[in-house]
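Asker: What follows is protein36.csv, made up of CSV, C-alpha atoms and all ligand atoms:
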```csv
chain,number,residue,atom,x,y,z
A,1,MET,CA,14.1,1.6,1.8
A,2,LYS,CA,14.1,-2.1,1.1
A,3,ILE,CA,10.9,-4.1,0.6
A,4,ASP,CA,10.9,-7.9,0.4
A,5,ILE,CA,7.6,-9.6,-0.6
A,6,LEU,CA,6.9,-13.3,0.1
A,7,THR,CA,4.5,-14.9,-2.4
A,8,LEU,CA,3.7,-18.1,-4.2
A,9,PHE,CA,2.9,-16.1,-7.4
A,10,PRO,CA,5.9,-13.9,-8.2
A,11,ASN,CA,4.8,-13.4,-11.8
A,12,MET,CA,1.9,-11.3,-10.6
A,13,PHE,CA,4.4,-8.5,-9.6
A,14,GLU,CA,6.3,-8.3,-12.9
A,15,ASN,CA,4.4,-5.5,-14.6
A,16,VAL,CA,3.1,-3.6,-11.6
A,17,PHE,CA,6.6,-2.6,-10.3
A,18,ASN,CA,7.9,-2.1,-13.8
A,19,GLU,CA,5.9,1.0,-14.8
A,20,SER,CA,5.7,4.7,-14.0
A,21,ILE,CA,6.6,6.1,-10.6
A,22,ILE,CA,7.6,2.8,-8.9
A,23,LYS,CA,9.8,1.9,-11.8
A,24,ARG,CA,11.5,5.3,-11.6
A,25,ALA,CA,11.9,5.0,-7.8
A,26,ILE,CA,13.7,1.7,-8.3
A,27,GLU,CA,15.9,3.1,-11.1
A,28,LYS,CA,16.8,6.1,-8.9
A,29,ASP,CA,17.7,3.7,-6.0
A,30,LYS,CA,15.0,5.2,-3.7
A,31,VAL,CA,13.7,1.6,-3.1
A,32,THR,CA,14.8,-1.9,-3.7
A,33,ILE,CA,11.9,-4.4,-4.1
A,34,ASN,CA,12.6,-8.1,-4.1
A,35,ILE,CA,10.0,-10.8,-4.7
A,36,HIS,CA,10.6,-14.2,-3.1
A,37,ASN,CA,8.8,-17.4,-3.8
A,38,PHE,CA,8.5,-19.0,-0.4
A,39,ARG,CA,8.0,-22.4,-2.1
A,40,ASP,CA,11.8,-22.2,-2.7
A,41,TYR,CA,12.3,-22.5,1.1
A,42,SER,CA,10.1,-25.6,1.5
A,43,LYS,CA,11.9,-28.6,3.0
A,44,ASP,CA,9.2,-30.9,1.8
A,45,PRO,CA,10.4,-33.4,-0.9
A,46,HIS,CA,7.7,-32.1,-3.2
A,47,ASN,CA,8.1,-28.5,-2.2
A,48,LYS,CA,4.7,-28.5,-0.6
A,49,VAL,CA,3.8,-25.2,1.2
A,50,ASP,CA,0.3,-26.2,2.4
A,51,ASP,CA,-1.6,-28.9,4.1
A,52,THR,CA,-5.1,-29.8,5.3
A,53,PRO,CA,-6.5,-28.1,8.4
A,54,TYR,CA,-6.4,-29.8,11.8
A,55,GLY,CA,-10.0,-30.4,13.0
A,56,GLY,CA,-11.2,-30.7,9.4
A,57,GLY,CA,-12.7,-28.1,7.1
A,58,ASN,CA,-12.4,-26.8,3.6
A,59,GLY,CA,-9.2,-26.0,1.6
A,60,MET,CA,-5.6,-25.9,2.3
A,61,VAL,CA,-3.6,-24.0,4.9
A,62,LEU,CA,-0.2,-22.5,4.4
A,63,THR,CA,2.4,-24.3,6.7
A,64,CYS,CA,4.8,-22.5,9.0
A,65,GLN,CA,8.2,-23.9,7.8
A,66,PRO,CA,8.7,-22.2,4.4
A,67,ILE,CA,7.5,-18.8,5.6
A,68,PHE,CA,9.4,-19.0,8.9
A,69,ASP,CA,12.6,-19.9,7.1
A,70,CYS,CA,12.2,-17.3,4.3
A,71,VAL,CA,11.5,-14.5,6.9
A,72,GLU,CA,14.4,-15.7,9.0
A,73,SER,CA,16.8,-15.5,6.0
A,74,LEU,CA,15.7,-11.9,5.2
A,75,LYS,CA,15.2,-10.4,8.6
A,76,ASN,CA,17.6,-8.0,10.4
A,77,GLU,CA,17.2,-5.6,13.3
A,78,ASP,CA,15.6,-2.9,11.1
A,79,SER,CA,13.0,-5.2,9.6
A,80,LYS,CA,9.2,-4.8,10.1
A,81,VAL,CA,7.3,-8.0,9.2
A,82,ILE,CA,3.8,-7.4,7.8
A,83,LEU,CA,1.2,-10.0,7.3
A,84,LEU,CA,-1.5,-9.2,4.7
A,85,THR,CA,-4.8,-10.6,6.0
A,86,PRO,CA,-8.5,-9.5,5.9
A,87,ASP,CA,-8.5,-9.6,9.7
A,88,GLY,CA,-5.6,-7.1,10.1
A,89,LYS,CA,-5.6,-3.4,11.0
A,90,LYS,CA,-7.4,-1.4,8.3
A,91,TYR,CA,-4.9,0.3,6.0
A,92,ASN,CA,-5.0,4.1,5.5
A,93,GLN,CA,-2.8,7.1,4.5
A,94,SER,CA,-1.6,7.6,8.1
A,95,LEU,CA,-0.3,4.0,8.3
A,96,ALA,CA,1.3,4.5,4.8
A,97,TYR,CA,3.2,7.6,6.3
A,98,ASP,CA,4.3,5.6,9.3
A,99,LEU,CA,5.5,2.7,7.2
A,100,SER,CA,7.3,5.0,4.7
A,101,LYS,CA,9.7,5.9,7.6
A,102,GLU,CA,10.9,2.3,8.0
A,103,LYS,CA,14.1,1.0,6.6
A,104,HIS,CA,13.0,-2.5,5.7
A,105,LEU,CA,9.6,-4.1,5.2
A,106,ILE,CA,8.9,-7.8,4.8
A,107,LEU,CA,5.4,-8.4,3.4
A,108,ILE,CA,3.9,-11.9,3.6
A,109,CYS,CA,1.1,-12.7,1.2
A,110,GLY,CA,-1.2,-15.4,2.4
A,111,HIS,CA,-3.3,-17.6,0.0
A,112,TYR,CA,-5.8,-20.4,-0.2
A,113,GLU,CA,-7.9,-20.9,2.9
A,114,GLY,CA,-5.4,-19.1,5.1
A,115,PHE,CA,-2.2,-19.7,7.0
A,116,ASP,CA,-1.2,-21.6,10.1
A,117,GLU,CA,-2.0,-19.3,13.1
A,118,ARG,CA,1.5,-19.6,14.4
A,119,ILE,CA,2.8,-17.6,11.4
A,120,ARG,CA,1.3,-14.5,13.2
A,121,THR,CA,4.0,-14.9,15.9
A,122,ILE,CA,6.8,-13.7,13.5
A,123,CYS,CA,4.8,-10.7,12.3
A,124,ASP,CA,5.0,-7.2,13.7
A,125,ILE,CA,1.7,-5.9,12.1
A,126,GLU,CA,-1.2,-7.5,10.3
A,127,ILE,CA,-2.8,-5.3,7.7
A,128,SER,CA,-6.1,-5.5,5.7
A,129,ILE,CA,-6.6,-3.2,2.8
A,130,GLY,CA,-10.4,-3.3,3.2
A,131,ASP,CA,-13.4,-5.3,4.3
A,132,TYR,CA,-13.5,-7.7,1.4
A,133,ILE,CA,-11.8,-11.0,0.7
A,134,LEU,CA,-9.1,-11.2,-2.0
A,135,THR,CA,-7.8,-14.5,-3.4
A,136,GLY,CA,-4.5,-13.7,-1.7
A,137,GLY,CA,-2.4,-11.0,-0.2
A,138,GLU,CA,-0.6,-10.2,-3.5
A,139,LEU,CA,-2.8,-7.3,-4.6
A,140,ALA,CA,-2.8,-6.0,-1.0
A,141,SER,CA,1.0,-6.0,-0.9
A,142,MET,CA,1.1,-4.1,-4.2
A,143,VAL,CA,-1.4,-1.5,-2.9
A,144,ILE,CA,0.8,-1.0,0.2
A,145,THR,CA,4.0,-0.9,-1.7
A,146,ASP,CA,2.7,1.6,-4.2
A,147,SER,CA,1.3,3.9,-1.5
A,148,ILE,CA,4.5,3.8,0.5
A,149,VAL,CA,7.0,4.2,-2.3
A,150,ARG,CA,5.4,7.4,-3.6
A,151,LEU,CA,6.0,8.9,-0.1
A,152,LEU,CA,9.7,8.2,0.0
A,153,PRO,CA,11.8,11.4,-0.3
A,154,GLY,CA,12.7,12.2,-3.9
A,155,VAL,CA,10.2,9.9,-5.5
A,156,ILE,CA,7.6,12.5,-6.3
A,157,GLU,CA,7.7,16.3,-5.8
A,158,GLU,CA,7.7,16.9,-2.1
A,159,ASN,CA,4.8,19.3,-2.1
A,160,SER,CA,2.6,17.1,-4.2
A,161,HIS,CA,1.7,14.7,-1.5
A,162,LEU,CA,1.2,17.4,1.1
A,163,ASN,CA,-2.0,18.1,-0.7
A,164,ASP,CA,-3.1,14.4,-1.1
A,165,SER,CA,-6.6,13.4,0.0
A,166,PHE,CA,-6.7,12.1,3.6
A,167,ASN,CA,-3.9,14.5,4.8
A,168,ASN,CA,-5.5,16.3,7.8
A,169,ASN,CA,-8.5,14.0,7.2
A,170,LEU,CA,-9.6,16.1,4.2
A,171,LEU,CA,-10.3,15.0,0.6
A,172,ASP,CA,-8.2,16.8,-2.0
A,173,TYR,CA,-9.6,20.0,-3.6
A,174,PRO,CA,-10.7,20.1,-7.2
A,175,THR,CA,-8.1,20.8,-9.8
A,176,TYR,CA,-8.3,22.2,-13.4
A,177,THR,CA,-6.1,22.6,-16.4
A,178,LYS,CA,-6.4,24.2,-19.9
A,179,PRO,CA,-8.6,25.0,-21.6
A,180,ARG,CA,-10.4,27.6,-19.4
A,181,VAL,CA,-13.8,26.7,-20.9
A,182,TYR,CA,-14.6,23.1,-22.0
A,183,LYS,CA,-18.1,22.2,-23.3
A,184,GLY,CA,-19.4,25.3,-21.5
A,185,MET,CA,-17.8,24.4,-18.2
A,186,GLU,CA,-15.6,27.2,-16.8
A,187,VAL,CA,-12.6,27.0,-14.5
A,188,PRO,CA,-13.5,29.0,-11.3
A,189,ASN,CA,-12.4,32.6,-11.7
A,190,VAL,CA,-10.5,32.7,-8.4
A,191,LEU,CA,-7.9,30.2,-9.9
A,192,LEU,CA,-7.1,32.7,-12.6
A,193,SER,CA,-6.8,35.6,-10.2
A,194,GLY,CA,-3.2,35.2,-9.3
A,195,ASP,CA,-4.2,35.9,-5.7
A,196,HIS,CA,-2.5,33.1,-3.7
A,197,LYS,CA,-4.2,33.8,-0.5
A,198,LYS,CA,-7.6,33.7,-2.1
A,199,ILE,CA,-6.7,30.6,-4.0
A,200,ALA,CA,-5.6,28.8,-0.8
A,201,GLU,CA,-8.8,29.9,0.9
A,202,TYR,CA,-10.9,28.6,-2.0
A,203,ARG,CA,-9.1,25.3,-2.0
A,204,TYR,CA,-9.5,24.8,1.7
A,205,ASN,CA,-13.2,25.5,1.5
A,206,GLU,CA,-13.7,23.2,-1.4
A,207,SER,CA,-11.8,20.4,0.4
A,208,LEU,CA,-14.0,20.9,3.4
A,209,LYS,CA,-17.2,21.0,1.3
A,210,LYS,CA,-16.2,17.9,-0.6
A,211,THR,CA,-15.3,16.0,2.6
A,212,GLN,CA,-18.6,17.0,4.2
A,213,ASN,CA,-20.5,15.7,1.1
A,214,LEU,CA,-18.6,12.5,0.3
A,215,ARG,CA,-16.8,11.4,3.5
A,216,PRO,CA,-18.4,13.1,6.6
A,217,ASP,CA,-16.8,10.3,8.7
A,218,LEU,CA,-13.4,11.8,8.1
A,219,LEU,CA,-14.4,15.1,9.7
A,220,GLU,CA,-15.6,13.3,12.8
A,221,LYS,CA,-12.0,12.2,13.4
A,301,LIG,N1,-5.9,-11.1,1.8
A,301,LIG,C1,-7.2,-11.4,1.4
A,301,LIG,N2,-8.0,-10.4,1.5
A,301,LIG,C2,-7.2,-9.4,2.0
A,301,LIG,C3,-7.5,-8.0,2.4
A,301,LIG,N3,-8.7,-7.5,2.3
A,301,LIG,N4,-6.4,-7.3,2.8
A,301,LIG,C4,-5.2,-7.8,3.0
A,301,LIG,N5,-4.9,-9.1,2.7
A,301,LIG,C5,-5.9,-9.9,2.2
```
Turn this file's structure into structure tokens for me.
Answerer:
Amino acid sequence: MKIDILTLFPNMFENVFNESIIKRAIEKDKVTINIHNFRDYSKDPHNKVDDTPYGGGNGMVLTCQPIFDCVESLKNEDSKVILLTPDGKKYNQSLAYDLSKEKHLILICGHYEGFDERIRTICDIEISIGDYILTGGELASMVITDSIVRLLPGVIEENSHLNDSFNNNLLDYPTYTKPRVYKGMEVPNVLLSGDHKKIAEYRYNESLKKTQNLRPDLLEK
């Protein structure tokens, strides 16, 4: 998979994609991630990328030209263009799975007061990572990239994300490791039994209980 991210703040991405699982995925050629400063595409003599809003109002608005030209230069028939915006479709694990099947994603990070409405016309999907306002789409694009890259074949053990929270609308079951007793708290006996059927049953029931307690809305789905 190839992911192109359009931003005015490329430095924000340096450490995030240079650690742990994402770093390994890049090294193993499971994903290519390119960060583009769309200011480099501005045709303004001062490389301006924003202007005041028509009709008046606060702040600056991102202009069409640099973003249109940057997307145009990257796009091919396999590309899916995504706009990060608080008024987009709410992101979740099921959307992460769908996007992980794509060949090429182009993520556009807005900033300042917003972007010219006409930028929406070159986007296939608009995504929000939650009902709150970030200073820009950069953190949202990192969240989306991280959650997609870990789903790509060969990035983490195949079985390990089959048990992720939100698969089948259930939260993950509790897990334990050594020691068997810590500060008086014991690992449930069934996990030491070696009986795989019983363990699977226990885990399913714990998932169900946890989801009922913490996220009953998931069960309604
Ligand atoms: N840009 C600002 N806030 C955002 C959000 N919640 N999700 C995606 N992009 C954003």
Asker: Counting only C-alpha atoms, what is within 12 Å of Asp164 (chain A), bar same-chain residues fewer than 5 positions away, as a list in words?
Answerer: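 Answer for this query is Gln93, Ser94, Tyr97, Ser147, Arg150, Leu151, Glu157, Glu158, Asn159, Asn169, Leu170, Leu171, Asp172, Tyr173, Pro174, Thr175 and Ser207 of chain A.
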Asker: Give the residue list for ligand LIG 301 (chain A) at 9 Å, counting only C-alpha atoms and all ligand atoms, as a list in words, sorted by chain and then by residue number.
Answerer: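 Checked against 9 Å with only C-alpha atoms and all ligand atoms; the hits are Leu83, Leu84, Thr85, Pro86, Asp87, Gly88, Lys90, Tyr91, Cys109, Gly110, His111, Gly114, Glu126, Ile127, Ser128, Ile129, Gly130, Asp131, Tyr132, Ile133, Leu134, Thr135, Gly136, Gly137, Glu138, Leu139, Ala140 and Ser141 of chain A.
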Asker: Taking only C-alpha atoms into account, which of A:Lys209, A:Ala96, A:Glu102, A:Met142 comes nearest Asn167 (chain A)?
Answerer: A:Ala96
Asker: Name the closest residue to Leu219 (chain A) among the candidates A:Ser20, A:Asn205, A:Asn189, A:Asn168; distances are taken between atoms, counting all atoms listed in the file.
Answerer: A:Asn168
Asker: With a distance cut-off of 10 Å and only C-alpha atoms, select the neighbouring residues of region 117-119 of chain A, excluding the residue or stretch itself and same-chain residues fewer than 6 positions from it, and output the selection as a ChimeraX atom specification.
Answerer: /A:61-65,67-68,83,108
Asker: Can I get the selection written as a PDB file, in the coordinates of the input, with C-alpha atoms?
Answerer:
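Output below, filename result-v4.pdb:
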```pdb
ATOM      1  CA  VAL A  61      -3.600 -24.000   4.900  1.00  0.00           C
ATOM      2  CA  LEU A  62      -0.200 -22.500   4.400  1.00  0.00           C
ATOM      3  CA  THR A  63       2.400 -24.300   6.700  1.00  0.00           C
ATOM      4  CA  CYS A  64       4.800 -22.500   9.000  1.00  0.00           C
ATOM      5  CA  GLN A  65       8.200 -23.900   7.800  1.00  0.00           C
ATOM      6  CA  ILE A  67       7.500 -18.800   5.600  1.00  0.00           C
ATOM      7  CA  PHE A  68       9.400 -19.000   8.900  1.00  0.00           C
ATOM      8  CA  LEU A  83       1.200 -10.000   7.300  1.00  0.00           C
ATOM      9  CA  ILE A 108       3.900 -11.900   3.600  1.00  0.00           C
TER      10      ILE A 108
END
```
Asker: Find the residues with any atom within 12 Å of (8.3, 0.5, 4.6); use all atoms listed in the file and the coordinates as given in the file, and write the answer as a PyMOL selection string.
Answerer: chain A and resi 1-5+30-33+78-82+95-107+125+141+144-152
Asker: Using CA of Asp40 (chain A) and CA of Cys70 (chain A) as the two end points, give the distance in Å to one decimal.
Answerer: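 We find that CA of Asp40 (chain A) and CA of Cys70 (chain A) lie 8.6 Å from each other.
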Asker: As an mmCIF file with C-alpha atoms, in the coordinates of the input, please: the residues near Asn47 (chain A) (cut-off 12 Å, only C-alpha atoms, same-chain neighbours under 4 positions excluded).
Answerer:
```cif
data_model
loop_
_atom_site.group_PDB
_atom_site.id
_atom_site.type_symbol
_atom_site.label_atom_id
_atom_site.label_comp_id
_atom_site.auth_asym_id
_atom_site.auth_seq_id
_atom_site.Cartn_x
_atom_site.Cartn_y
_atom_site.Cartn_z
ATOM 1 C CA LEU A 8 3.700 -18.100 -4.200
ATOM 2 C CA ASN A 37 8.800 -17.400 -3.800
ATOM 3 C CA PHE A 38 8.500 -19.000 -0.400
ATOM 4 C CA ARG A 39 8.000 -22.400 -2.100
ATOM 5 C CA ASP A 40 11.800 -22.200 -2.700
ATOM 6 C CA TYR A 41 12.300 -22.500 1.100
ATOM 7 C CA SER A 42 10.100 -25.600 1.500
ATOM 8 C CA LYS A 43 11.900 -28.600 3.000
ATOM 9 C CA ASP A 51 -1.600 -28.900 4.100
ATOM 10 C CA THR A 63 2.400 -24.300 6.700
ATOM 11 C CA GLN A 65 8.200 -23.900 7.800
ATOM 12 C CA PRO A 66 8.700 -22.200 4.400
#
```
Asker: How many Å lie between CA of Phe9 (chain A) and CA of Asn58 (chain A), rounded to one decimal?
Answerer: 21.7 Å
Asker: I'd like to know which of A:Ser165, A:Thr121, A:Asn11, A:Asn92 is closest to Thr211 (chain A), using only C-alpha atoms.
Answerer: A:Ser165
Asker: Interatomic distance between CA of Leu218 (chain A) and CA of Phe166 (chain A)?
Answerer: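 One can read the CA of Leu218 (chain A) to CA of Phe166 (chain A) distance as 8.1 Å.
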Asker: Given the choices A:Lys210, A:Arg203, A:Glu113, A:Asp217, which gets closest to Pro53 (chain A) if the distance is worked out from all atoms listed in the file?
Answerer: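 Of the candidates, the smallest distance to Pro53 (chain A) is held by A:Glu113.
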Asker: Can you patch up region 3-18 of chain A, filling it in to N, CA, C and O atoms, and show the result as a PDB file, in the coordinates of the input?
Answerer:
```
ATOM      1  N   ILE A   3      12.132  -3.400   0.346  1.00  0.00           N
ATOM      2  CA  ILE A   3      10.900  -4.100   0.600  1.00  0.00           C
ATOM      3  C   ILE A   3      11.041  -5.539   0.004  1.00  0.00           C
ATOM      4  O   ILE A   3      11.382  -5.726  -1.170  1.00  0.00           O
ATOM      5  N   ASP A   4      10.853  -6.539   0.873  1.00  0.00           N
ATOM      6  CA  ASP A   4      10.900  -7.900   0.400  1.00  0.00           C
ATOM      7  C   ASP A   4       9.444  -8.464   0.505  1.00  0.00           C
ATOM      8  O   ASP A   4       8.760  -8.302   1.525  1.00  0.00           O
ATOM      9  N   ILE A   5       9.008  -9.073  -0.595  1.00  0.00           N
ATOM     10  CA  ILE A   5       7.600  -9.600  -0.600  1.00  0.00           C
ATOM     11  C   ILE A   5       7.670 -11.113  -0.796  1.00  0.00           C
ATOM     12  O   ILE A   5       8.343 -11.635  -1.681  1.00  0.00           O
ATOM     13  N   LEU A   6       6.984 -11.804   0.105  1.00  0.00           N
ATOM     14  CA  LEU A   6       6.900 -13.300   0.100  1.00  0.00           C
ATOM     15  C   LEU A   6       5.611 -13.706  -0.557  1.00  0.00           C
ATOM     16  O   LEU A   6       4.534 -13.323  -0.068  1.00  0.00           O
ATOM     17  N   THR A   7       5.693 -14.491  -1.614  1.00  0.00           N
ATOM     18  CA  THR A   7       4.500 -14.900  -2.400  1.00  0.00           C
ATOM     19  C   THR A   7       4.680 -16.246  -2.999  1.00  0.00           C
ATOM     20  O   THR A   7       5.823 -16.685  -3.170  1.00  0.00           O
ATOM     21  N   LEU A   8       3.576 -16.871  -3.376  1.00  0.00           N
ATOM     22  CA  LEU A   8       3.700 -18.100  -4.200  1.00  0.00           C
ATOM     23  C   LEU A   8       3.477 -17.741  -5.677  1.00  0.00           C
ATOM     24  O   LEU A   8       3.555 -18.617  -6.533  1.00  0.00           O
ATOM     25  N   PHE A   9       3.196 -16.467  -5.973  1.00  0.00           N
ATOM     26  CA  PHE A   9       2.900 -16.100  -7.400  1.00  0.00           C
ATOM     27  C   PHE A   9       3.715 -14.858  -7.779  1.00  0.00           C
ATOM     28  O   PHE A   9       3.182 -13.765  -8.021  1.00  0.00           O
ATOM     29  N   PRO A  10       5.030 -15.047  -7.901  1.00  0.00           N
ATOM     30  CA  PRO A  10       5.900 -13.900  -8.200  1.00  0.00           C
ATOM     31  C   PRO A  10       5.590 -13.241  -9.543  1.00  0.00           C
ATOM     32  O   PRO A  10       5.794 -12.030  -9.678  1.00  0.00           O
ATOM     33  N   ASN A  11       5.042 -14.003 -10.509  1.00  0.00           N
ATOM     34  CA  ASN A  11       4.800 -13.400 -11.800  1.00  0.00           C
ATOM     35  C   ASN A  11       3.759 -12.252 -11.734  1.00  0.00           C
ATOM     36  O   ASN A  11       3.757 -11.361 -12.581  1.00  0.00           O
ATOM     37  N   MET A  12       2.894 -12.307 -10.706  1.00  0.00           N
ATOM     38  CA  MET A  12       1.900 -11.300 -10.600  1.00  0.00           C
ATOM     39  C   MET A  12       2.504  -9.871 -10.435  1.00  0.00           C
ATOM     40  O   MET A  12       1.869  -8.860 -10.705  1.00  0.00           O
ATOM     41  N   PHE A  13       3.769  -9.822  -9.981  1.00  0.00           N
ATOM     42  CA  PHE A  13       4.400  -8.500  -9.600  1.00  0.00           C
ATOM     43  C   PHE A  13       5.131  -7.885 -10.797  1.00  0.00           C
ATOM     44  O   PHE A  13       5.485  -6.727 -10.730  1.00  0.00           O
ATOM     45  N   GLU A  14       5.384  -8.701 -11.840  1.00  0.00           N
ATOM     46  CA  GLU A  14       6.300  -8.300 -12.900  1.00  0.00           C
ATOM     47  C   GLU A  14       5.977  -6.906 -13.487  1.00  0.00           C
ATOM     48  O   GLU A  14       6.803  -6.008 -13.532  1.00  0.00           O
ATOM     49  N   ASN A  15       4.740  -6.772 -13.964  1.00  0.00           N
ATOM     50  CA  ASN A  15       4.400  -5.500 -14.600  1.00  0.00           C
ATOM     51  C   ASN A  15       4.156  -4.369 -13.667  1.00  0.00           C
ATOM     52  O   ASN A  15       4.508  -3.230 -13.955  1.00  0.00           O
ATOM     53  N   VAL A  16       3.569  -4.700 -12.538  1.00  0.00           N
ATOM     54  CA  VAL A  16       3.100  -3.600 -11.600  1.00  0.00           C
ATOM     55  C   VAL A  16       4.287  -2.755 -11.157  1.00  0.00           C
ATOM     56  O   VAL A  16       4.169  -1.534 -11.110  1.00  0.00           O
ATOM     57  N   PHE A  17       5.420  -3.377 -10.835  1.00  0.00           N
ATOM     58  CA  PHE A  17       6.600  -2.600 -10.300  1.00  0.00           C
ATOM     59  C   PHE A  17       7.487  -2.150 -11.461  1.00  0.00           C
ATOM     60  O   PHE A  17       8.552  -1.618 -11.216  1.00  0.00           O
ATOM     61  N   ASN A  18       7.050  -2.408 -12.686  1.00  0.00           N
ATOM     62  CA  ASN A  18       7.900  -2.100 -13.800  1.00  0.00           C
ATOM     63  C   ASN A  18       7.328  -0.982 -14.671  1.00  0.00           C
ATOM     64  O   ASN A  18       7.561  -0.913 -15.874  1.00  0.00           O
TER      65      ASN A  18
END
```
